[in-house]
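K.L.:
My structure is below; once you've seen it, I'll send some questions.
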Amino acid sequence: MAQFRYLNEMNSLIAMDGEITKGPVPRWQKKLDLSATSSSFNTSALANTSARQKLSISLSGNANNTLHLSSNNIASKTPRKNGGKTTASSAKKTSQTPSKAGGSVVQNQPGGGDRFIPSRTATDFNLGAYIVKQGTGGSDEETENEEAGGGSVANPSSPKRENERMKNLTEAIRACDVSNKRLLSYRIKAPAPPEGHVNPLKAIYSVKTPMSTKSGSRYIPNAPERILDAPEIMNDYYLNLMDWSLDNVIAVALGASVYLWNAATGTIEMLFENEGNDHACSLSWIHEGHILAVGTSAGTVELWDCEHVKRLRVMNGHSARVGVLAWNSYVLCSGSRDGTIVNHDVRTRQHNIGVMQGHTQEVCGLKWSPDGKYLASGGNDNLVHVWSAANGAPHATAEPLHVFNQHQAAIRALAWCPWQPNILATGGGTADRTIKFWNAVNGQLLNSVDTKSQVCGLLFSKTYKEIISAHGYVNNQLSIWKYPSMTKQVDLLGHTGRVLQIAMSPDGSTVMSAGADETLRLWNCFAPDPLMTKKEKSGIREKPSLLKQSMR
């Protein structure tokens, strides 16, 4: 008994170390048994079934709008119940998609599908069935016999049968208008959203990408050539705190002081500093010389000799701050918050030679035309006045020649066209945002362009037939436009605050912009094109002179 008990214990230990024969069958073994059973069933079924032929039709278009047929011998997966006979119509159709190369067909991968779902209501199934039946080359009776299992498909590789099929298919396609009866129809347009639906992903505001810096036949740099600090510059739309002289010196008012920056040498000099709460509100260089006119917050106009750093005289005439100045020969015009424009003859002791009272609010824009015949003024009353010179004298008459009231905001930006002295450009503020062009002779409005932002300054180019505009919210950019088409060439971005004012260099190649971000930026945007200059020089050099022609 003890020996028998020992043997049982050993057997149990061996069973524990070996394979476990009791318990549930593992999942992998169940799958293995099922696959073995199905494979044995399919093998036995296919062994009792002869190979079937399956006819798959592939469509490929050519220049003659004919259809080609190709046959593939594919073994049927399931036996038929009609005595082992299989026809092309009873075989399961395989989906084939034409490839991009020359009409060949490639079978779809398992699990794939067409991304475009055809509309069954708009598809002409009768046309498709007609073309397929005509393409098989047999009659309707023969097709019905084949579907009933009464016969097999004729040999499709016969040349005679192939020619007959092509002929029938060609006639079938030519007989019907395929353009109006498509085999498959897709839904092209998505259904409209319900009434009152609001798309939550709709952009409320977007900033357009700046245009290419290559403008026509010339290149415009989209980055400033130099950036200068301008601390304490006053962010006031109605003031004019910068001007560029013909001697290449820039005057700028920063806080209570006025500084001079020599663009040629880069030297900086402080002209003067006001005491108390007084500060400069406007600056303007005389056309020829070193005289700088300064309009103050006290309502006076000062003349400074910048070469000797000396104040020459102080001229009264206004009861409020002087925000804008304009020179015409020896006459200086000043515009004030009191709504008046005063003509100052700086040569005489009695400088006040005339007062123009046309504006009802502050005068913030003032410009003489290049020929000195017209003076344009813009005010906070949304009006533009054009004053004519008095009998050829360099001062304006007391009554305006034209009054333009089409702007919807204050007009500070004024510019006269250099090559058309009677054309005036005006820019409106935040509520207006337009640039308008006027004929100063007859007072006609020539064009109006919506800039989508506040217009703070305008300058015509001396080198190209273009105009540059300075803007405020929201891009704070400078825009260059073709004139007179007003096609935008480029946007010069960089300022983080609105551009308060712009000034042009004496040679007309560079524009300086003063921004509310307390920076001064120099843009070399109107430099002469070197390629055009070379062409002009080469053209002049190649042209024979009259002297050489006469000598020959």
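Chain labels run A, B, ... following the order of the structure tokens; each chain numbers its residues from 1, and ligands are numbered from 1 in the order shown.
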So which bits of range 276-398 of chain A end up strand (DSSP E) when you DSSP the backbone, as a PyMOL selection string?
P.N.:
chain A and resi 280-285+291-296+301-305+310-315+322-328+331-336+341-345+352-356+363-368+374-379+384-388
K.L.:
Looking at only C-alpha atoms, which of A:Leu401, A:Ala264, A:Leu292, A:Leu303 is the one that sits closest to Asn442 in chain A?
P.N.:
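Among A:Leu401, A:Ala264, A:Leu292, A:Leu303, it is A:Leu401 that comes nearest to Asn442 in chain A.
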K.L.:
Can you work out the spacing between CA of His308 in chain A and CA of Leu500 in chain A in Å, to one decimal?
P.N.:
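One can read the CA of His308 in chain A to CA of Leu500 in chain A distance as 29.4 Å.
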K.L.:
Between CA of Gly317 in chain A and CA of Cys333 in chain A, what is the distance, to one decimal in Å?
P.N.:
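Computing it gives 11.0 Å between the two atoms.
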K.L.:
Which residue out of A:Pro528, A:Pro193, A:Gly515, A:Gly508 has the minimum interatomic distance to Pro231 in chain A when only C-alpha atoms are used?
P.N.:
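Ranked by minimum distance to Pro231 in chain A, first place goes to A:Gly515.
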K.L.:
Near Leu312 in chain A, within 12 Å and counting only C-alpha atoms, which residues show up once chain neighbours fewer than 3 positions away are dropped, as a list in words?
P.N.:
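After dropping sequence-adjacent residues, the list is His290, Ile291, Leu292, Ala293, Val294, Val301, Glu302, Leu303, Trp304, Asp305, Cys306, Glu307, His308, Val309, Met315, Val346 and Arg347 of chain A.
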K.L.:
Residues of the last selection are to be written out with N, CA, C and O atoms, as a PDB file, in the first residue's frame.
P.N.:
ATOM      1  N   HIS A 290      17.957 127.444 -43.059  1.00  0.00           N
ATOM      2  CA  HIS A 290      18.032 126.741 -41.783  1.00  0.00           C
ATOM      3  C   HIS A 290      16.987 127.230 -40.803  1.00  0.00           C
ATOM      4  O   HIS A 290      17.150 127.063 -39.594  1.00  0.00           O
ATOM      5  N   ILE A 291      15.928 127.834 -41.280  1.00  0.00           N
ATOM      6  CA  ILE A 291      14.896 128.381 -40.412  1.00  0.00           C
ATOM      7  C   ILE A 291      13.836 127.324 -40.154  1.00  0.00           C
ATOM      8  O   ILE A 291      13.289 126.717 -41.077  1.00  0.00           O
ATOM      9  N   LEU A 292      13.551 127.110 -38.886  1.00  0.00           N
ATOM     10  CA  LEU A 292      12.519 126.160 -38.463  1.00  0.00           C
ATOM     11  C   LEU A 292      11.414 126.929 -37.753  1.00  0.00           C
ATOM     12  O   LEU A 292      11.679 127.690 -36.804  1.00  0.00           O
ATOM     13  N   ALA A 293      10.165 126.712 -38.215  1.00  0.00           N
ATOM     14  CA  ALA A 293       8.998 127.317 -37.567  1.00  0.00           C
ATOM     15  C   ALA A 293       8.423 126.325 -36.568  1.00  0.00           C
ATOM     16  O   ALA A 293       8.270 125.130 -36.875  1.00  0.00           O
ATOM     17  N   VAL A 294       8.120 126.831 -35.380  1.00  0.00           N
ATOM     18  CA  VAL A 294       7.607 125.980 -34.298  1.00  0.00           C
ATOM     19  C   VAL A 294       6.291 126.571 -33.811  1.00  0.00           C
ATOM     20  O   VAL A 294       6.243 127.739 -33.378  1.00  0.00           O
ATOM     21  N   VAL A 301       3.792 131.337 -32.623  1.00  0.00           N
ATOM     22  CA  VAL A 301       4.629 130.733 -33.659  1.00  0.00           C
ATOM     23  C   VAL A 301       6.028 131.296 -33.499  1.00  0.00           C
ATOM     24  O   VAL A 301       6.225 132.523 -33.544  1.00  0.00           O
ATOM     25  N   GLU A 302       7.038 130.429 -33.337  1.00  0.00           N
ATOM     26  CA  GLU A 302       8.416 130.840 -33.139  1.00  0.00           C
ATOM     27  C   GLU A 302       9.241 130.475 -34.370  1.00  0.00           C
ATOM     28  O   GLU A 302       9.006 129.439 -35.004  1.00  0.00           O
ATOM     29  N   LEU A 303      10.214 131.323 -34.658  1.00  0.00           N
ATOM     30  CA  LEU A 303      11.165 131.077 -35.735  1.00  0.00           C
ATOM     31  C   LEU A 303      12.548 130.875 -35.117  1.00  0.00           C
ATOM     32  O   LEU A 303      13.034 131.736 -34.365  1.00  0.00           O
ATOM     33  N   TRP A 304      13.176 129.748 -35.490  1.00  0.00           N
ATOM     34  CA  TRP A 304      14.471 129.387 -34.936  1.00  0.00           C
ATOM     35  C   TRP A 304      15.497 129.257 -36.066  1.00  0.00           C
ATOM     36  O   TRP A 304      15.224 128.666 -37.106  1.00  0.00           O
ATOM     37  N   ASP A 305      16.685 129.852 -35.803  1.00  0.00           N
ATOM     38  CA  ASP A 305      17.832 129.672 -36.685  1.00  0.00           C
ATOM     39  C   ASP A 305      18.609 128.462 -36.170  1.00  0.00           C
ATOM     40  O   ASP A 305      19.322 128.548 -35.167  1.00  0.00           O
ATOM     41  N   CYS A 306      18.451 127.335 -36.871  1.00  0.00           N
ATOM     42  CA  CYS A 306      19.032 126.088 -36.381  1.00  0.00           C
ATOM     43  C   CYS A 306      20.542 126.022 -36.605  1.00  0.00           C
ATOM     44  O   CYS A 306      21.232 125.236 -35.936  1.00  0.00           O
ATOM     45  N   GLU A 307      21.068 126.815 -37.525  1.00  0.00           N
ATOM     46  CA  GLU A 307      22.516 126.804 -37.757  1.00  0.00           C
ATOM     47  C   GLU A 307      23.254 127.439 -36.576  1.00  0.00           C
ATOM     48  O   GLU A 307      24.333 126.976 -36.178  1.00  0.00           O
ATOM     49  N   HIS A 308      22.665 128.491 -36.012  1.00  0.00           N
ATOM     50  CA  HIS A 308      23.284 129.175 -34.884  1.00  0.00           C
ATOM     51  C   HIS A 308      22.563 128.873 -33.571  1.00  0.00           C
ATOM     52  O   HIS A 308      22.926 129.452 -32.532  1.00  0.00           O
ATOM     53  N   VAL A 309      21.537 127.985 -33.608  1.00  0.00           N
ATOM     54  CA  VAL A 309      20.769 127.598 -32.425  1.00  0.00           C
ATOM     55  C   VAL A 309      20.302 128.858 -31.702  1.00  0.00           C
ATOM     56  O   VAL A 309      20.658 129.141 -30.537  1.00  0.00           O
ATOM     57  N   MET A 315       5.731 135.127 -32.986  1.00  0.00           N
ATOM     58  CA  MET A 315       4.592 135.761 -33.657  1.00  0.00           C
ATOM     59  C   MET A 315       3.293 135.273 -33.019  1.00  0.00           C
ATOM     60  O   MET A 315       3.077 134.069 -32.847  1.00  0.00           O
ATOM     61  N   VAL A 346       6.991 136.855 -42.735  1.00  0.00           N
ATOM     62  CA  VAL A 346       8.098 136.853 -41.778  1.00  0.00           C
ATOM     63  C   VAL A 346       9.107 137.962 -42.064  1.00  0.00           C
ATOM     64  O   VAL A 346      10.022 138.180 -41.255  1.00  0.00           O
ATOM     65  N   ARG A 347       8.957 138.710 -43.157  1.00  0.00           N
ATOM     66  CA  ARG A 347       9.922 139.755 -43.492  1.00  0.00           C
ATOM     67  C   ARG A 347       9.610 141.058 -42.772  1.00  0.00           C
ATOM     68  O   ARG A 347      10.503 141.887 -42.558  1.00  0.00           O
TER      69      ARG A 347
END
